[in-house]
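Q: One structure, as structure tokens, below. Some questions next.
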Amino acid sequence: MTPLLPGIEVGRALDVLFGVFLAGTLWLGVALPLVAAHLEYWGAKRGRPEDREAAARLGEAAIVNLICLAAAAAGAALLALIRHPATLLPPLVWMARVWPWAWLAGAGYAGLVLLYGGGRWAARPPLLGTACAAGAGVLAVLLLPVWGAALAFPDPALWLRVEEDPWALFRLRGTALFTLHHLLGAGAAGGAALMLAGRRAFRWESPVPVSSGARLIRWGAGCVLAASALQLLLGVAWLGARGPAWLKGTFYAGGRPLMAAVALLVAALIILLEVAVSALRRRGSAPRAGLTAVALLLVVAVAAGWVRAGVEEASRVRPPRTEGAAR
Amino acid sequence: MLFPDAQVPAVIERALLPALHYLFGAGAALAAGGALLMLVPGYLAPRSLDPRWGQLAGRCARWVLGLLLGAAFTAGAGAWLGELVLRPRAAERLAAAFGPALGAGGLCLLAGAAALARYASGWRRGRGGSPAHFAAGVLAAAGIWAGAAVLAVFQSFSLNPGRWLETRALRDALLHPSALPAFVLWASGAIALAAAAGLAAAVGQRDAPWRLGLVRTLGRWGAPAAWAGAAGAVWWALSLPSGAQDKSLPAIVGTAFLVQAGLGTYLYRCGAREPRRLSPAGALLALLAAALSPALMQIAREEARGPFFIQGYLYRNGILAEEIPRLQREGFWRPAAWRKEKEAPSPEELGARVFRGECAACHPAWRKGAAQAALPSFREQGAALRFLGAMGKGHPAFPAFAGSEGERRAVAAHLEGLLRTAGVTLAAPAPPAPKAPPKKPEKKEVRPAPVPAAPPKEAVKEAPKEAPKEVPKEAPKEAPKEVPKEAPKEAPKETPKEASKETPPKEAPKGKPPEALPAAAPKPEAETKTPAPPKPPEPRREEPKPEPPRPGPSSQAAPPSPPPGGAPGGSEVKKEAGAPPAAPPAPSAPPAGGGSGSPEVPSP
């Protein structure tokens, strides 16, 4: 494989980018219906039609995201089937009892998203629209552990448990951590989507009041700040659980690329937090903060994916120092 | 056997998976046809003063998007997941061979769906009618048609791979001999289906001139498409190789032809020509007829496919045709990373596993032990083994058995165990043909054998109640064919096994002294319905009355008379036959009468 940059291979870089695309569509798939349901409900209750209009736009965005999610999921499944059939298919077969339920939940999610995003909810009862969007969000949250379980397939240590009880995957601590991690990611993505939705009010001659847009940006910034901070804490706790020896060995084996990725991740995360805090300080009067937050989230996701790939690679490579010490 | 087998209810494989395949096919066809027809109002909207064309275009776009995402993608994902779980080996092979092409087709569909979402959103926001917006609609239709066409062509490719079998080039797979007929059939069916669905929606319009205009437009599109679909069905069937043209294929394709031709005539008469004659019931009927065609073609494909996923290359169980000789040498079972044990399992377990891996792809009902509908030839001991051995030669619908000799025996024992579990009583096999003199083999079979002093215990247990059913049919036929070929190889293994169990108890009394008769010959005359052999009255009277069979290993047993020359090695035969201990004999086998319900064949 041709190195793209020193320490980066094209194939691994494409893997990371595809993983970011997949995770992004997954986060938006969870966040957009839930945010739309929130806006739909409170917009109807407090008499704010502009919130319901924003909710309708988020519903339309959820349809487009559904297409992207379908593309990402199908592509990931096809790639895994072509490249790693021996590790993908046995657990897939053992989980045969789980898939009908997962498929039903996925079909229900698609149907509800289509129903909400394709309908004109301004002329219909707001409770129905709220229920529709919230149902889609809840189904997406329920599908997250399935996704986490599917990503845990390559670990042969789990296969014995899966063969005996396919539901055991959902009781693993790793699956719970994965679900929490993606829920927090969905929170950050939903916050960024709210900030983008509020940006419309700042356009020239926009019919939406500026105060309404600022409120959306404030809510979005709060979501991004809280989710990112919690994500950071979760990452620190996970690293702490691994222990300093593991950290040292991994960083030693990962070398400069891993160090660079970690540095980029930390820097992007700090700037993202700063942008969110700044938008909150200005009480939402920050129309460009949404775009900045989206760009920074993208950088954070790419850097996190890069770090993850580097850690996996480093855990496969035994550090040469250990061999020397053994002699 | 690289992957485990899924434990799912049979209804999923027999009903749910075909339903998902149908939903995917019909949904994709309806979406593709709708994507084409939605361009008509989209084109007319900026050129007409009537705002309803724009509203209609937006509504059509939303419906097509909903169909594509809600029906086609969801059902397609379910069907794909089901195929992965139920036929992982075949899915792996297909993905390795055509993964990029199928992925490209799926990407085209998704790109079309994304363009369609933009097109539908444009109509809703009042931006419809501009050239750029119409271009988005055209792009959406092109993407959907490209993706769906790739999938439709691949469906037909599996029946007629043509030159691809030699070149293995993707180009030859896409341009196989049936590609054009299959595309014509699919495309015309898609347009006719969309037109029929549009008619069903248009017939409810209140404004009469508007309704008549819509109906006429749809009829003009739908009628030629349906006629082309009728012609395409025949063309497609004729383009299939002769091996794929099953007996039922002409009937199914003929029905599809009639349905499409009738639909075209109706759409022409009540749509294009006299739209006032269209009634709601007629429109609904037309929609049902149009929706029937994809189902008929799906059935026709399944019938024509036979045991193959790709004709002549890949079987439904995921085994390549070219790897069968290797599997026969090395065996089907092998250690795998996901498997706990590294050694081959016991013969019973091995038989069950090999059966599930090789046979259950086409015979899923047998997995649960529902073997009542078994082939009549299997209702005789050793018939399953013979069948498995001759699968590639005598039964063109089946592939050759892809496994070692031991696995073949294990599967045969597993099949017999399934039959016993289902309450079927296995008859004694025909006497060995090689022992018979070449001129009068039947007399040799009927002739009573000298009775040994003490028959082996295993043989006593295994001997059946029923008289051999296929003796008069099979023995004379198979003897001249198989003896010269297989006798040197199989004689040491099979001959003693079959011989030790063979001679039916009914024939034994013929000319025998009464004290030499078996102690329990429970096969009554009514069960066999054999008209031919006259019973010797005297020895029968002196014979002790047979006891009703008890549940247990010996309930269906009848001591056989060994063949002339004795039956050495009876216990060894029992081991080799591998009759599964988990399969108890039928406890409900009646002591008199044909309770086991197997079809009877007159015994000699």
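Order determines the names: the first chain of the structure tokens is A, the second B, and so forth; residues in each chain are numbered 1 upward, and ligands are numbered 1 upward as they are shown.
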Find the residues of chain B in contact range of chain A, meaning any atom within 8 Å when counting only C-alpha atoms, and list them as a VMD selection string.

A: chain B and resid 2 to 8 62 66 69 to 70 73 to 74 78 81 84 to 86 88 92 95 to 96 99 103 106 to 107 110 113 to 114 117 121 338

Q: Looking only at strand (DSSP E) from DSSP on the backbone, list the matching residues of segment 277-370 of chain B as a PyMOL selection string.

A: chain B and resi 308-310+314-315

Q: For Leu418 of chain B, which residue out of B:Leu292, B:Ala97, B:Ala228, B:Ala384 is the nearest one, using only C-alpha atoms?

A: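 Residue with the minimum atom-to-atom distance to Leu418 of chain B: B:Ala384.
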
Q: Measuring between only C-alpha atoms, which one of A:Ala176, A:Val236, A:Ala229, A:Val302 shows the shortest distance to Leu22 of chain A?

A: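 Using only C-alpha atoms, Leu22 of chain A sits closest to A:Val302.
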
Q: Do you have the atom CA of Ala304 of chain B-atom CA of Ile319 of chain B distance handy?

A: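 For atom CA of Ala304 of chain B relative to atom CA of Ile319 of chain B, the distance reads 18.6 Å.
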
Q: From the set A:Arg48, A:Arg200, A:Lys248, A:Arg308, which residue has the shortest atom-to-atom contact distance to Val20 of chain A, counting only C-alpha atoms?

A: A:Arg308

Q: To one decimal place in Å, what is the distance between atom CA of Leu94 of chain B and atom CA of Val234 of chain B?

A: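 Pair atom CA of Leu94 of chain B / atom CA of Val234 of chain B returns 28.0 Å.
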
Q: Compile the contact shell of Leu151 of chain B as a list in words: residues with an atom at most 9 Å away, counting only C-alpha atoms, same-chain residues fewer than 4 positions apart removed.

A: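 The residues that qualify are Leu102, Gly105, Gly106, Ala146, Gly147, Gln155 and Ser156 of chain B.
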
Q: Hey, what's within 8 Å of Cys362 of chain B if we count only C-alpha atoms and toss same-chain stuff fewer than 5 positions away? As number ranges by chain, please?

A: B: 307, 316-317

Q: Using only C-alpha atoms, which of A:Gly24, A:Pro126, A:Gly117, A:Gly305 sits nearest Arg46 of chain A?

A: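 Among A:Gly24, A:Pro126, A:Gly117, A:Gly305, it is A:Pro126 that comes nearest to Arg46 of chain A.
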
Q: With a distance cut-off of 9 Å and only C-alpha atoms, select the neighbouring residues of Trp53 of chain B, excluding the residue or stretch itself and same-chain residues fewer than 3 positions from it, and output the selection as a PDB file with N, CA and C atoms, in the first residue's frame.

A:
ATOM      1  N   VAL B  40     -43.262  12.970 -16.323  1.00  0.00           N
ATOM      2  CA  VAL B  40     -44.279  13.492 -17.256  1.00  0.00           C
ATOM      3  C   VAL B  40     -44.963  14.733 -16.663  1.00  0.00           C
ATOM      4  N   PRO B  41     -45.538  14.652 -15.473  1.00  0.00           N
ATOM      5  CA  PRO B  41     -46.104  15.887 -14.914  1.00  0.00           C
ATOM      6  C   PRO B  41     -45.028  16.927 -14.605  1.00  0.00           C
ATOM      7  N   GLY B  42     -43.834  16.478 -14.270  1.00  0.00           N
ATOM      8  CA  GLY B  42     -42.752  17.434 -14.025  1.00  0.00           C
ATOM      9  C   GLY B  42     -42.392  18.212 -15.286  1.00  0.00           C
ATOM     10  N   TYR B  43     -42.509  17.546 -16.417  1.00  0.00           N
ATOM     11  CA  TYR B  43     -42.231  18.221 -17.685  1.00  0.00           C
ATOM     12  C   TYR B  43     -43.380  19.152 -18.063  1.00  0.00           C
ATOM     13  N   LEU B  44     -44.601  18.694 -17.789  1.00  0.00           N
ATOM     14  CA  LEU B  44     -45.768  19.478 -18.206  1.00  0.00           C
ATOM     15  C   LEU B  44     -46.031  20.673 -17.287  1.00  0.00           C
ATOM     16  N   ALA B  45     -45.568  20.571 -16.038  1.00  0.00           N
ATOM     17  CA  ALA B  45     -45.927  21.611 -15.058  1.00  0.00           C
ATOM     18  C   ALA B  45     -45.516  23.021 -15.483  1.00  0.00           C
ATOM     19  N   PRO B  46     -44.266  23.273 -15.901  1.00  0.00           N
ATOM     20  CA  PRO B  46     -43.930  24.653 -16.272  1.00  0.00           C
ATOM     21  C   PRO B  46     -44.528  25.066 -17.614  1.00  0.00           C
ATOM     22  N   SER B  48     -47.690  24.322 -18.522  1.00  0.00           N
ATOM     23  CA  SER B  48     -49.152  24.341 -18.434  1.00  0.00           C
ATOM     24  C   SER B  48     -49.583  25.402 -17.425  1.00  0.00           C
ATOM     25  N   LEU B  49     -50.771  25.920 -17.642  1.00  0.00           N
ATOM     26  CA  LEU B  49     -51.309  26.898 -16.700  1.00  0.00           C
ATOM     27  C   LEU B  49     -51.969  26.213 -15.510  1.00  0.00           C
ATOM     28  N   ASP B  50     -52.189  24.930 -15.646  1.00  0.00           N
ATOM     29  CA  ASP B  50     -52.857  24.187 -14.571  1.00  0.00           C
ATOM     30  C   ASP B  50     -51.852  23.888 -13.454  1.00  0.00           C
ATOM     31  N   LEU B  56     -49.099  17.329  -8.717  1.00  0.00           N
ATOM     32  CA  LEU B  56     -49.024  15.891  -9.012  1.00  0.00           C
ATOM     33  C   LEU B  56     -47.563  15.423  -9.076  1.00  0.00           C
ATOM     34  N   ALA B  57     -46.724  16.243  -9.681  1.00  0.00           N
ATOM     35  CA  ALA B  57     -45.306  15.852  -9.789  1.00  0.00           C
ATOM     36  C   ALA B  57     -44.680  15.724  -8.401  1.00  0.00           C
ATOM     37  N   GLY B  58     -44.977  16.684  -7.514  1.00  0.00           N
ATOM     38  CA  GLY B  58     -44.428  16.613  -6.159  1.00  0.00           C
ATOM     39  C   GLY B  58     -44.940  15.408  -5.398  1.00  0.00           C
TER      40      GLY B  58
END

Q: With a cut-off of 6 Å, could you pull out the residues of segment 29-138 of chain B touching segment 194-205 of chain B and give me the nearest pair of atoms for each, distance in Å to one decimal, using only C-alpha atoms, ordered by chain and ascending number, as a Markdown table?

A:
| residue | atom | partner | partner_atom | distance |
| --- | --- | --- | --- | --- |
| B:Leu30 | CA | B:Ala194 | CA | 5.2 |
| B:Gly33 | CA | B:Ala194 | CA | 5.0 |
| B:Gly34 | CA | B:Ala194 | CA | 5.3 |

Q: Could you write out the selected residues, including N, CA and C atoms, as a compact mmCIF listing (two decimals), in the first residue's frame?

A:
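What follows is the written file again.txt:
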# COMPACT_ATOMS: atom_id res chain seq x y z
N LEU B 30 -41.79 -0.79 -8.92
CA LEU B 30 -42.78 0.30 -8.81
C LEU B 30 -42.08 1.65 -8.69
N GLY B 33 -40.54 2.48 -12.18
CA GLY B 33 -41.58 2.92 -13.10
C GLY B 33 -42.14 4.28 -12.69
N GLY B 34 -42.34 4.46 -11.40
CA GLY B 34 -42.86 5.74 -10.92
C GLY B 34 -41.87 6.88 -11.16

Q: Find the distance between atom CA of Thr255 of chain B and atom CA of Ala32 of chain B and write it in Å to one decimal.

A: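 Value for the atom CA of Thr255 of chain B-atom CA of Ala32 of chain B distance: 23.8 Å.
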
Q: With distances taken over only C-alpha atoms, which residue among A:Ala303, A:Val311, A:Val35, A:Ala221 lies nearest Ala286 of chain A?

A: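 For Ala286 of chain A, the nearest of the given residues is A:Ala221.
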
Q: Can you list, as JSON, numbers by chain, every protein, DNA or RNA residue that comes within 6 Å of Tyr41 of chain A when you count only C-alpha atoms, leaving out same-chain residues fewer than 3 positions away?

A: {"A": [38, 44, 130]}

Q: Might you pull out every residue within 7 Å of segment 399-411 of chain B, with only C-alpha atoms counted and same-chain residues fewer than 3 positions away left off, and present them as number ranges by chain?

A: B: 324, 327-332, 347-348, 350-352, 354-355, 385, 388-389, 391-392, 414-415, 577-578

Q: Apply DSSP to the structure's backbone, then extract all residues of segment 141-295 of chain B labelled helix (DSSP H, G or I) and return them as number ranges by chain.

A: B: 141-157, 164-167, 170-174, 179-202, 208-239, 242-244, 249-273, 275-277, 280-295
